[in-house]
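Participant: What follows is the file coords_24.txt, containing compact mmCIF, N, CA and C atoms:
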```
# COMPACT_ATOMS: atom_id res chain seq x y z
N MET A 144 59.25 18.94 47.57
CA MET A 144 59.65 18.80 46.19
C MET A 144 60.95 19.56 45.96
N ILE A 145 61.82 18.97 45.21
CA ILE A 145 63.09 19.61 44.86
C ILE A 145 63.06 19.91 43.37
N TYR A 146 63.20 21.17 43.04
CA TYR A 146 63.23 21.57 41.65
C TYR A 146 64.66 21.87 41.26
N LYS A 147 65.13 21.25 40.20
CA LYS A 147 66.48 21.49 39.71
C LYS A 147 66.41 21.89 38.25
N THR A 148 67.26 22.78 37.88
CA THR A 148 67.38 23.16 36.49
C THR A 148 68.36 22.19 35.83
N ARG A 149 67.87 21.47 34.85
CA ARG A 149 68.71 20.47 34.19
C ARG A 149 69.40 21.11 33.01
N SER A 150 70.71 21.04 33.00
CA SER A 150 71.50 21.57 31.89
C SER A 150 71.65 20.47 30.84
N GLN A 151 71.30 20.79 29.62
CA GLN A 151 71.38 19.82 28.54
C GLN A 151 72.82 19.63 28.09
N SER A 152 73.14 18.43 27.64
CA SER A 152 74.45 18.18 27.06
C SER A 152 74.28 18.00 25.55
N GLN A 153 75.39 17.95 24.85
CA GLN A 153 75.35 17.82 23.40
C GLN A 153 74.69 16.49 22.98
N HIS A 154 74.74 15.47 23.83
CA HIS A 154 74.18 14.17 23.49
C HIS A 154 72.65 14.15 23.61
N ASP A 155 72.08 15.08 24.37
CA ASP A 155 70.63 15.12 24.57
C ASP A 155 69.89 15.91 23.50
N VAL A 156 70.61 16.59 22.63
CA VAL A 156 70.01 17.51 21.66
C VAL A 156 69.37 16.74 20.52
N GLN A 157 68.16 17.15 20.16
CA GLN A 157 67.47 16.59 19.00
C GLN A 157 67.30 17.70 17.97
N LYS A 158 68.13 17.64 16.93
CA LYS A 158 68.10 18.67 15.89
C LYS A 158 67.10 18.28 14.80
N THR A 159 66.44 19.28 14.26
CA THR A 159 65.53 19.08 13.13
C THR A 159 65.96 20.00 12.01
N TRP A 160 65.43 19.75 10.83
CA TRP A 160 65.68 20.61 9.67
C TRP A 160 64.45 21.48 9.45
N VAL A 161 64.70 22.78 9.25
CA VAL A 161 63.63 23.76 9.11
C VAL A 161 63.82 24.51 7.80
N LEU A 162 62.73 24.74 7.08
CA LEU A 162 62.75 25.49 5.83
C LEU A 162 62.05 26.83 6.04
N VAL A 163 62.74 27.93 5.71
CA VAL A 163 62.19 29.28 5.90
C VAL A 163 62.19 29.99 4.56
N ASP A 164 61.04 30.52 4.17
CA ASP A 164 60.92 31.30 2.94
C ASP A 164 60.89 32.78 3.31
N VAL A 165 61.88 33.56 2.86
CA VAL A 165 61.97 34.97 3.23
C VAL A 165 61.53 35.90 2.11
N LYS A 166 60.75 35.40 1.18
CA LYS A 166 60.29 36.22 0.06
C LYS A 166 59.45 37.39 0.56
N ASN A 167 59.83 38.60 0.17
CA ASN A 167 59.14 39.85 0.51
C ASN A 167 59.04 40.10 2.01
N SER A 168 59.98 39.60 2.78
CA SER A 168 59.98 39.88 4.22
C SER A 168 61.15 40.80 4.55
N SER A 169 61.06 41.48 5.66
CA SER A 169 62.08 42.43 6.08
C SER A 169 63.35 41.70 6.49
N LEU A 170 64.50 42.28 6.17
CA LEU A 170 65.78 41.64 6.45
C LEU A 170 66.00 41.44 7.94
N GLY A 171 65.84 42.47 8.73
CA GLY A 171 66.12 42.39 10.16
C GLY A 171 65.18 41.48 10.92
N ARG A 172 63.89 41.57 10.61
CA ARG A 172 62.91 40.76 11.32
C ARG A 172 63.08 39.28 11.00
N SER A 173 63.31 38.97 9.73
CA SER A 173 63.47 37.56 9.37
C SER A 173 64.78 37.00 9.91
N CYS A 174 65.84 37.81 9.93
CA CYS A 174 67.13 37.32 10.44
C CYS A 174 67.10 37.10 11.94
N SER A 175 66.33 37.90 12.67
CA SER A 175 66.25 37.68 14.11
C SER A 175 65.54 36.37 14.43
N VAL A 176 64.54 36.01 13.64
CA VAL A 176 63.86 34.73 13.84
C VAL A 176 64.78 33.57 13.46
N ILE A 177 65.53 33.73 12.36
CA ILE A 177 66.46 32.69 11.93
C ILE A 177 67.55 32.49 12.98
N ALA A 178 68.03 33.57 13.57
CA ALA A 178 69.06 33.46 14.61
C ALA A 178 68.52 32.73 15.84
N LYS A 179 67.25 32.98 16.20
CA LYS A 179 66.64 32.26 17.32
C LYS A 179 66.54 30.77 17.03
N LEU A 180 66.17 30.43 15.78
CA LEU A 180 66.07 29.02 15.41
C LEU A 180 67.44 28.34 15.43
N LEU A 181 68.47 29.04 14.96
CA LEU A 181 69.83 28.49 14.96
C LEU A 181 70.35 28.31 16.38
N ARG A 182 70.01 29.23 17.25
CA ARG A 182 70.51 29.20 18.62
C ARG A 182 69.75 28.18 19.48
N GLY A 183 68.48 27.92 19.14
CA GLY A 183 67.68 26.97 19.90
C GLY A 183 66.87 27.61 20.99
N LYS A 184 66.68 28.91 20.94
CA LYS A 184 65.95 29.62 22.00
C LYS A 184 64.45 29.33 21.97
N HIS A 185 63.97 28.72 20.92
CA HIS A 185 62.55 28.40 20.84
C HIS A 185 62.22 27.07 21.53
N LYS A 186 63.24 26.36 21.99
CA LYS A 186 63.03 25.07 22.64
C LYS A 186 62.92 25.25 24.15
N PRO A 187 62.08 24.45 24.82
CA PRO A 187 61.89 24.62 26.26
C PRO A 187 63.11 24.23 27.09
N ASN A 188 63.99 23.39 26.56
CA ASN A 188 65.17 22.96 27.31
C ASN A 188 66.43 23.68 26.83
N TYR A 189 66.30 24.94 26.49
CA TYR A 189 67.42 25.74 25.96
C TYR A 189 68.54 25.85 26.99
N THR A 190 69.76 25.60 26.53
CA THR A 190 70.95 25.75 27.34
C THR A 190 71.92 26.65 26.57
N PRO A 191 72.37 27.77 27.16
CA PRO A 191 73.14 28.76 26.40
C PRO A 191 74.48 28.28 25.86
N HIS A 192 75.13 27.33 26.53
CA HIS A 192 76.48 26.96 26.10
C HIS A 192 76.52 25.72 25.21
N VAL A 193 75.36 25.26 24.74
CA VAL A 193 75.29 24.06 23.91
C VAL A 193 74.61 24.41 22.59
N ASP A 194 75.04 23.77 21.51
CA ASP A 194 74.41 23.94 20.20
C ASP A 194 73.08 23.20 20.21
N MET A 195 72.01 23.91 20.59
CA MET A 195 70.68 23.33 20.72
C MET A 195 69.83 23.55 19.47
N GLY A 196 70.27 24.43 18.58
CA GLY A 196 69.43 24.90 17.49
C GLY A 196 69.21 23.90 16.38
N ASP A 197 68.34 24.27 15.49
CA ASP A 197 68.00 23.44 14.34
C ASP A 197 68.86 23.82 13.15
N ASN A 198 68.86 22.97 12.13
CA ASN A 198 69.49 23.27 10.86
C ASN A 198 68.47 24.04 10.03
N VAL A 199 68.84 25.24 9.57
CA VAL A 199 67.90 26.13 8.90
C VAL A 199 68.28 26.26 7.42
N VAL A 200 67.30 26.04 6.55
CA VAL A 200 67.46 26.23 5.11
C VAL A 200 66.61 27.44 4.74
N VAL A 201 67.24 28.45 4.16
CA VAL A 201 66.55 29.69 3.78
C VAL A 201 66.47 29.74 2.26
N ILE A 202 65.27 29.95 1.73
CA ILE A 202 65.09 30.08 0.28
C ILE A 202 64.57 31.47 -0.06
N ASN A 203 64.71 31.84 -1.32
CA ASN A 203 64.30 33.15 -1.86
C ASN A 203 65.00 34.30 -1.17
N ALA A 204 66.28 34.16 -0.88
CA ALA A 204 67.04 35.22 -0.22
C ALA A 204 67.26 36.42 -1.15
N ALA A 205 67.17 36.20 -2.44
CA ALA A 205 67.35 37.30 -3.39
C ALA A 205 66.17 38.26 -3.38
N GLU A 206 65.04 37.85 -2.82
CA GLU A 206 63.84 38.68 -2.83
C GLU A 206 63.54 39.26 -1.44
N ILE A 207 64.58 39.48 -0.65
CA ILE A 207 64.43 40.08 0.68
C ILE A 207 64.20 41.58 0.50
N SER A 208 63.55 42.21 1.47
CA SER A 208 63.27 43.64 1.34
C SER A 208 63.96 44.42 2.46
N LEU A 209 64.34 45.64 2.13
CA LEU A 209 64.90 46.58 3.10
C LEU A 209 64.00 47.80 3.12
N GLY A 210 63.78 48.38 4.28
CA GLY A 210 62.88 49.52 4.40
C GLY A 210 63.57 50.85 4.13
N GLY A 211 62.78 51.83 3.78
CA GLY A 211 63.28 53.19 3.58
C GLY A 211 64.29 53.29 2.46
N ASN A 212 65.36 54.06 2.72
CA ASN A 212 66.42 54.23 1.73
C ASN A 212 67.62 53.32 2.02
N ASN A 213 67.40 52.23 2.74
CA ASN A 213 68.50 51.39 3.17
C ASN A 213 69.25 50.72 2.03
N TRP A 214 68.62 50.54 0.87
CA TRP A 214 69.34 49.97 -0.26
C TRP A 214 70.51 50.86 -0.66
N ASP A 215 70.36 52.18 -0.50
CA ASP A 215 71.43 53.10 -0.89
C ASP A 215 72.22 53.63 0.30
N GLN A 216 71.63 53.67 1.50
CA GLN A 216 72.30 54.27 2.64
C GLN A 216 73.08 53.27 3.50
N LYS A 217 72.61 52.04 3.57
CA LYS A 217 73.28 51.05 4.42
C LYS A 217 74.61 50.67 3.79
N ARG A 218 75.70 50.75 4.59
CA ARG A 218 77.04 50.47 4.09
C ARG A 218 77.62 49.23 4.76
N TYR A 219 78.31 48.44 3.99
CA TYR A 219 79.04 47.28 4.49
C TYR A 219 80.53 47.59 4.33
N ILE A 220 81.22 47.68 5.46
CA ILE A 220 82.61 48.13 5.47
C ILE A 220 83.52 46.94 5.74
N ARG A 221 84.63 46.87 5.01
CA ARG A 221 85.65 45.86 5.25
C ARG A 221 87.01 46.54 5.13
N HIS A 222 88.05 45.85 5.56
CA HIS A 222 89.39 46.41 5.52
C HIS A 222 90.34 45.38 4.93
N THR A 223 91.23 45.82 4.04
CA THR A 223 92.14 44.91 3.38
C THR A 223 93.31 44.52 4.28
N GLY A 224 93.60 45.32 5.29
CA GLY A 224 94.73 45.05 6.17
C GLY A 224 95.90 45.96 5.89
N TYR A 225 95.84 46.72 4.82
CA TYR A 225 96.89 47.66 4.46
C TYR A 225 96.47 49.07 4.88
N PRO A 226 97.41 49.97 5.08
CA PRO A 226 97.06 51.36 5.42
C PRO A 226 96.19 51.98 4.33
N GLY A 227 95.09 52.59 4.75
CA GLY A 227 94.16 53.20 3.80
C GLY A 227 93.35 52.18 3.03
N GLY A 228 93.25 50.98 3.53
CA GLY A 228 92.60 49.90 2.80
C GLY A 228 91.15 49.68 3.17
N GLN A 229 90.47 50.69 3.68
CA GLN A 229 89.06 50.52 4.04
C GLN A 229 88.20 50.62 2.79
N LYS A 230 87.38 49.61 2.58
CA LYS A 230 86.48 49.56 1.43
C LYS A 230 85.05 49.49 1.94
N SER A 231 84.14 50.10 1.21
CA SER A 231 82.73 50.02 1.62
C SER A 231 81.85 49.86 0.39
N LEU A 232 80.78 49.11 0.58
CA LEU A 232 79.79 48.89 -0.47
C LEU A 232 78.41 49.17 0.11
N THR A 233 77.49 49.61 -0.73
CA THR A 233 76.11 49.79 -0.29
C THR A 233 75.41 48.44 -0.31
N ALA A 234 74.25 48.38 0.30
CA ALA A 234 73.48 47.13 0.34
C ALA A 234 73.09 46.70 -1.07
N LYS A 235 72.80 47.65 -1.94
CA LYS A 235 72.42 47.33 -3.32
C LYS A 235 73.60 46.69 -4.07
N GLN A 236 74.81 47.20 -3.85
CA GLN A 236 75.99 46.63 -4.50
C GLN A 236 76.30 45.23 -3.99
N VAL A 237 76.17 45.03 -2.68
CA VAL A 237 76.39 43.70 -2.11
C VAL A 237 75.36 42.72 -2.65
N HIS A 238 74.12 43.18 -2.77
CA HIS A 238 73.03 42.32 -3.25
C HIS A 238 73.23 41.91 -4.71
N THR A 239 73.74 42.82 -5.53
CA THR A 239 73.96 42.46 -6.94
C THR A 239 75.15 41.51 -7.09
N LYS A 240 76.17 41.65 -6.24
CA LYS A 240 77.31 40.73 -6.29
C LYS A 240 76.92 39.33 -5.83
N ASN A 241 76.28 39.24 -4.66
CA ASN A 241 75.89 37.95 -4.09
C ASN A 241 74.61 38.16 -3.29
N PRO A 242 73.46 37.71 -3.81
CA PRO A 242 72.18 37.98 -3.14
C PRO A 242 72.03 37.35 -1.76
N THR A 243 72.80 36.31 -1.46
CA THR A 243 72.67 35.66 -0.15
C THR A 243 73.52 36.32 0.92
N ARG A 244 74.46 37.17 0.53
CA ARG A 244 75.42 37.74 1.47
C ARG A 244 74.76 38.66 2.50
N LEU A 245 73.74 39.42 2.11
CA LEU A 245 73.05 40.31 3.05
C LEU A 245 72.47 39.52 4.21
N LEU A 246 71.77 38.45 3.89
CA LEU A 246 71.14 37.65 4.93
C LEU A 246 72.18 36.94 5.79
N GLU A 247 73.24 36.43 5.18
CA GLU A 247 74.28 35.73 5.94
C GLU A 247 74.97 36.68 6.92
N LYS A 248 75.30 37.89 6.47
CA LYS A 248 75.99 38.84 7.35
C LYS A 248 75.09 39.29 8.50
N ALA A 249 73.79 39.45 8.22
CA ALA A 249 72.87 39.88 9.27
C ALA A 249 72.69 38.79 10.32
N VAL A 250 72.56 37.54 9.90
CA VAL A 250 72.38 36.44 10.85
C VAL A 250 73.66 36.23 11.65
N LYS A 251 74.81 36.29 10.99
CA LYS A 251 76.08 36.09 11.68
C LYS A 251 76.31 37.15 12.75
N GLY A 252 75.86 38.37 12.49
CA GLY A 252 75.99 39.43 13.48
C GLY A 252 75.10 39.24 14.69
N MET A 253 74.05 38.41 14.57
CA MET A 253 73.14 38.17 15.68
C MET A 253 73.52 36.94 16.51
N LEU A 254 74.54 36.21 16.08
CA LEU A 254 75.00 35.03 16.81
C LEU A 254 76.15 35.40 17.73
N PRO A 255 76.48 34.56 18.71
CA PRO A 255 77.60 34.86 19.61
C PRO A 255 78.93 34.94 18.85
N LYS A 256 79.82 35.79 19.35
CA LYS A 256 81.11 35.98 18.70
C LYS A 256 82.16 35.08 19.36
N ASN A 257 82.00 33.77 19.24
CA ASN A 257 82.94 32.81 19.80
C ASN A 257 82.86 31.52 18.99
N ARG A 258 83.47 30.45 19.50
CA ARG A 258 83.46 29.18 18.78
C ARG A 258 82.06 28.62 18.62
N LEU A 259 81.21 28.83 19.61
CA LEU A 259 79.83 28.35 19.52
C LEU A 259 79.10 29.07 18.39
N GLY A 260 79.31 30.37 18.25
CA GLY A 260 78.67 31.12 17.17
C GLY A 260 79.11 30.63 15.79
N ALA A 261 80.40 30.30 15.65
CA ALA A 261 80.89 29.78 14.38
C ALA A 261 80.28 28.42 14.08
N GLU A 262 80.09 27.60 15.12
CA GLU A 262 79.48 26.29 14.95
C GLU A 262 78.00 26.42 14.59
N LEU A 263 77.32 27.38 15.20
CA LEU A 263 75.91 27.61 14.89
C LEU A 263 75.73 28.11 13.46
N PHE A 264 76.66 28.96 13.01
CA PHE A 264 76.54 29.53 11.66
C PHE A 264 76.68 28.46 10.59
N ARG A 265 77.39 27.37 10.90
CA ARG A 265 77.53 26.28 9.94
C ARG A 265 76.22 25.52 9.73
N ASN A 266 75.23 25.73 10.59
CA ASN A 266 73.94 25.07 10.45
C ASN A 266 72.97 25.84 9.56
N LEU A 267 73.45 26.91 8.93
CA LEU A 267 72.60 27.76 8.07
C LEU A 267 72.93 27.50 6.61
N ARG A 268 71.91 27.28 5.79
CA ARG A 268 72.07 27.15 4.35
C ARG A 268 71.17 28.20 3.70
N VAL A 269 71.73 29.06 2.86
CA VAL A 269 70.98 30.14 2.23
C VAL A 269 71.03 29.97 0.72
N TYR A 270 69.87 30.05 0.07
CA TYR A 270 69.77 29.91 -1.38
C TYR A 270 69.04 31.12 -1.95
N PRO A 271 69.51 31.66 -3.09
CA PRO A 271 68.87 32.86 -3.64
C PRO A 271 67.49 32.60 -4.24
N GLY A 272 67.25 31.42 -4.75
CA GLY A 272 65.97 31.10 -5.37
C GLY A 272 65.15 30.15 -4.53
N ALA A 273 64.11 29.57 -5.17
CA ALA A 273 63.20 28.68 -4.47
C ALA A 273 63.73 27.25 -4.39
N GLU A 274 64.77 26.92 -5.15
CA GLU A 274 65.33 25.57 -5.14
C GLU A 274 66.41 25.44 -4.08
N HIS A 275 66.45 24.27 -3.42
CA HIS A 275 67.50 24.00 -2.44
C HIS A 275 67.94 22.54 -2.56
N LYS A 276 69.09 22.21 -1.94
CA LYS A 276 69.68 20.88 -2.07
C LYS A 276 69.38 19.96 -0.90
N GLN A 277 68.60 20.39 0.07
CA GLN A 277 68.36 19.61 1.27
C GLN A 277 67.01 18.88 1.23
N HIS A 278 66.64 18.33 0.07
CA HIS A 278 65.37 17.61 -0.03
C HIS A 278 65.43 16.29 0.74
N ALA A 279 66.60 15.67 0.81
CA ALA A 279 66.73 14.38 1.49
C ALA A 279 66.51 14.51 3.00
N GLN A 280 66.78 15.70 3.57
CA GLN A 280 66.59 15.91 5.00
C GLN A 280 65.13 16.16 5.36
N ASN A 281 64.29 16.37 4.36
CA ASN A 281 62.86 16.60 4.55
C ASN A 281 62.60 17.72 5.56
N PRO A 282 63.01 18.97 5.23
CA PRO A 282 62.84 20.06 6.18
C PRO A 282 61.37 20.44 6.38
N LYS A 283 61.05 20.84 7.61
CA LYS A 283 59.70 21.26 7.96
C LYS A 283 59.57 22.75 7.66
N LYS A 284 58.56 23.14 6.89
CA LYS A 284 58.39 24.54 6.50
C LYS A 284 57.81 25.34 7.66
N ILE A 285 58.43 26.51 7.92
CA ILE A 285 57.96 27.41 8.97
C ILE A 285 57.58 28.73 8.33
N ASP A 286 56.42 29.26 8.71
CA ASP A 286 55.95 30.54 8.21
C ASP A 286 56.45 31.65 9.15
N LEU A 287 57.21 32.60 8.60
CA LEU A 287 57.77 33.67 9.42
C LEU A 287 56.71 34.59 10.00
N SER A 288 55.59 34.77 9.29
CA SER A 288 54.57 35.70 9.76
C SER A 288 53.91 35.22 11.06
N THR A 289 53.91 33.92 11.31
CA THR A 289 53.32 33.42 12.55
C THR A 289 54.30 33.54 13.72
N ILE A 290 55.61 33.50 13.44
CA ILE A 290 56.60 33.58 14.51
C ILE A 290 56.87 35.03 14.89
N ILE A 291 56.94 35.91 13.90
CA ILE A 291 57.23 37.33 14.17
C ILE A 291 56.07 37.91 14.86
```
Any chance you could put this one into structure tokens?

Facilitator:
Amino acid sequence: MIYKTRSQSQHDVQKTWVLVDVKNSSLGRSCSVIAKLLRGKHKPNYTPHVDMGDNVVVINAAEISLGGNNWDQKRYIRHTGYPGGQKSLTAKQVHTKNPTRLLEKAVKGMLPKNRLGAELFRNLRVYPGAEHKQHAQNPKKIDLSTII
């Protein structure tokens, strides 16, 4: 018998739509599962250099939880590009400005830092409430507590 590892191509990929509810779940744990779904690591024919992942719709992102004092201690730093232009916000300030930004930044940090990562990130849709616009795609609901 000859066993060969078959590398998948972009034409062989079967993408599905997945709905994830992150209400009252931890930011890091839920984002690591979402990153796995986006990357396609849950599929048996996973190939690292191909976009194998599913399209993920996340609802209730405004009701995500952070442990300990992370609402006040966790800092998000950016730079304007000018000398002395470093700005920082706490997680609570970022959450009040845009409730979906915390989850988006966490998932983006868990994806590859190349063109493939940018392509994978486009497959993520995050909504602050329970309503979403992807009803026509008929997403399959996944419970995070069973995957984590």

Participant: Tell me which of A:Met195, A:Ile202, A:Leu232, A:Leu267 sits closest to Ile220 (chain A), counting only N, CA and C atoms.

Facilitator: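 The closest residue to Ile220 (chain A) is A:Leu232.
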
Participant: I'd like the interatomic distance between CA of Val199 (chain A) and CA of Trp160 (chain A), to a tenth of an Å.

Facilitator: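 CA of Trp160 (chain A) lies 6.0 Å from CA of Val199 (chain A).
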
Participant: Leaving out Ala178 (chain A) and any residue of its chain fewer than 5 positions from it, which residues lie within 8 Å of it when counting only C-alpha atoms, given as a JSON list (two decimals) with N, CA and C atoms, in the frame of the given file?

Facilitator:
```
[["chain", "number", "residue", "atom", "x", "y", "z"],
["A", 250, "VAL", "N", 72.56, 37.54, 9.90],
["A", 250, "VAL", "CA", 72.38, 36.44, 10.85],
["A", 250, "VAL", "C", 73.66, 36.23, 11.65],
["A", 253, "MET", "N", 74.05, 38.41, 14.57],
["A", 253, "MET", "CA", 73.14, 38.17, 15.68],
["A", 253, "MET", "C", 73.52, 36.94, 16.51],
["A", 254, "LEU", "N", 74.54, 36.21, 16.08],
["A", 254, "LEU", "CA", 75.00, 35.03, 16.81],
["A", 254, "LEU", "C", 76.15, 35.40, 17.73]]
```

Participant: Skip region 239-246 of chain A itself and residues of its chain fewer than 5 positions away, then list as a list of chain:residue names all residues within 8 Å of it, counting only N, CA and C atoms.

Facilitator: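 After dropping sequence-adjacent residues, the list is A:Leu170, A:Cys174, A:Asn203, A:Ala204, A:Ala205, A:Glu206, A:Ile207, A:Thr233, A:Ala234, A:Lys251, A:Gly252, A:Val269, A:Tyr270, A:Pro271.
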
Participant: For the selection just defined, write its residues with N, CA and C atoms to a file, as a PDB file, in the frame of the given file.

Facilitator:
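What landed in part09.pdb:
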```pdb
ATOM      1  N   LEU A 170      64.500  42.280   6.170  1.00  0.00           N
ATOM      2  CA  LEU A 170      65.780  41.640   6.450  1.00  0.00           C
ATOM      3  C   LEU A 170      66.000  41.440   7.940  1.00  0.00           C
ATOM      4  N   CYS A 174      65.840  37.810   9.930  1.00  0.00           N
ATOM      5  CA  CYS A 174      67.130  37.320  10.440  1.00  0.00           C
ATOM      6  C   CYS A 174      67.100  37.100  11.940  1.00  0.00           C
ATOM      7  N   ASN A 203      64.710  31.840  -1.320  1.00  0.00           N
ATOM      8  CA  ASN A 203      64.300  33.150  -1.860  1.00  0.00           C
ATOM      9  C   ASN A 203      65.000  34.300  -1.170  1.00  0.00           C
ATOM     10  N   ALA A 204      66.280  34.160  -0.880  1.00  0.00           N
ATOM     11  CA  ALA A 204      67.040  35.220  -0.220  1.00  0.00           C
ATOM     12  C   ALA A 204      67.260  36.420  -1.150  1.00  0.00           C
ATOM     13  N   ALA A 205      67.170  36.200  -2.440  1.00  0.00           N
ATOM     14  CA  ALA A 205      67.350  37.300  -3.390  1.00  0.00           C
ATOM     15  C   ALA A 205      66.170  38.260  -3.380  1.00  0.00           C
ATOM     16  N   GLU A 206      65.040  37.850  -2.820  1.00  0.00           N
ATOM     17  CA  GLU A 206      63.840  38.680  -2.830  1.00  0.00           C
ATOM     18  C   GLU A 206      63.540  39.260  -1.440  1.00  0.00           C
ATOM     19  N   ILE A 207      64.580  39.480  -0.650  1.00  0.00           N
ATOM     20  CA  ILE A 207      64.430  40.080   0.680  1.00  0.00           C
ATOM     21  C   ILE A 207      64.200  41.580   0.500  1.00  0.00           C
ATOM     22  N   THR A 233      77.490  49.610  -0.730  1.00  0.00           N
ATOM     23  CA  THR A 233      76.110  49.790  -0.290  1.00  0.00           C
ATOM     24  C   THR A 233      75.410  48.440  -0.310  1.00  0.00           C
ATOM     25  N   ALA A 234      74.250  48.380   0.300  1.00  0.00           N
ATOM     26  CA  ALA A 234      73.480  47.130   0.340  1.00  0.00           C
ATOM     27  C   ALA A 234      73.090  46.700  -1.070  1.00  0.00           C
ATOM     28  N   LYS A 251      74.810  36.290  10.990  1.00  0.00           N
ATOM     29  CA  LYS A 251      76.080  36.090  11.680  1.00  0.00           C
ATOM     30  C   LYS A 251      76.310  37.150  12.750  1.00  0.00           C
ATOM     31  N   GLY A 252      75.860  38.370  12.490  1.00  0.00           N
ATOM     32  CA  GLY A 252      75.990  39.430  13.480  1.00  0.00           C
ATOM     33  C   GLY A 252      75.100  39.240  14.690  1.00  0.00           C
ATOM     34  N   VAL A 269      71.730  29.060   2.860  1.00  0.00           N
ATOM     35  CA  VAL A 269      70.980  30.140   2.230  1.00  0.00           C
ATOM     36  C   VAL A 269      71.030  29.970   0.720  1.00  0.00           C
ATOM     37  N   TYR A 270      69.870  30.050   0.070  1.00  0.00           N
ATOM     38  CA  TYR A 270      69.770  29.910  -1.380  1.00  0.00           C
ATOM     39  C   TYR A 270      69.040  31.120  -1.950  1.00  0.00           C
ATOM     40  N   PRO A 271      69.510  31.660  -3.090  1.00  0.00           N
ATOM     41  CA  PRO A 271      68.870  32.860  -3.640  1.00  0.00           C
ATOM     42  C   PRO A 271      67.490  32.600  -4.240  1.00  0.00           C
TER      43      PRO A 271
END
```

Participant: For Ser208 (chain A), find every residue with an atom within 6.5 Å (counting all atoms listed in the file), except residues of its own chain fewer than 5 positions away, and show them as a list in words.

Facilitator: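 Those residues are Lys166, Asn167, Ser168, Ser169 and Leu170 of chain A.
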
Participant: Can you tell me how far atom C of Glu247 (chain A) sits from atom C of Arg172 (chain A), in Å to one decimal?

Facilitator: 12.8 Å

Participant: Could you please write out, as a PyMOL selection string, every residue of chain A that DSSP assigns to alpha helix (DSSP H)?

Facilitator: chain A and resi 170-182+213-216+234-240+244-253+258-264+287-290

Participant: Run DSSP on the backbone of this structure and report the residues of region 165-284 of chain A it assigns to strand (DSSP E), as a list in words.

Facilitator: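 Here is the list: Asn198, Val199, Val200, Val201, Ile202, Arg218, Tyr219, Ile220, Arg221, His222, Gln229, Lys230, Ser231, Leu232, Thr233, Leu267, Arg268, Val269, Lys283 and Lys284 of chain A.
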
Participant: Counting all atoms listed in the file, find residues at most 8 Å from (70.6, 52.5, -2.9) (file frame) and give them as a PyMOL selection string.

Facilitator: chain A and resi 212-217+233-236

Participant: Which residue, A:Asn198, A:Gly210, A:Val161, A:Tyr225, has the smallest gap to Asn281 (chain A) when you use only N, CA and C atoms?

Facilitator: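 So, comparing all the options, the nearest one is A:Val161.
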
Participant: Report, in Å with one decimal, the straight-line distance from atom C of Lys256 (chain A) to CA of Arg218 (chain A).

Facilitator: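 Here the two named atoms are 22.3 Å from each other.
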
Participant: Have a look at A:Leu287, A:Gly260, A:Leu209, A:Tyr146 and name the one nearest to Val176 (chain A); count all atoms listed in the file.

Facilitator: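 Checking each candidate against Val176 (chain A), we get A:Leu287 as the closest.
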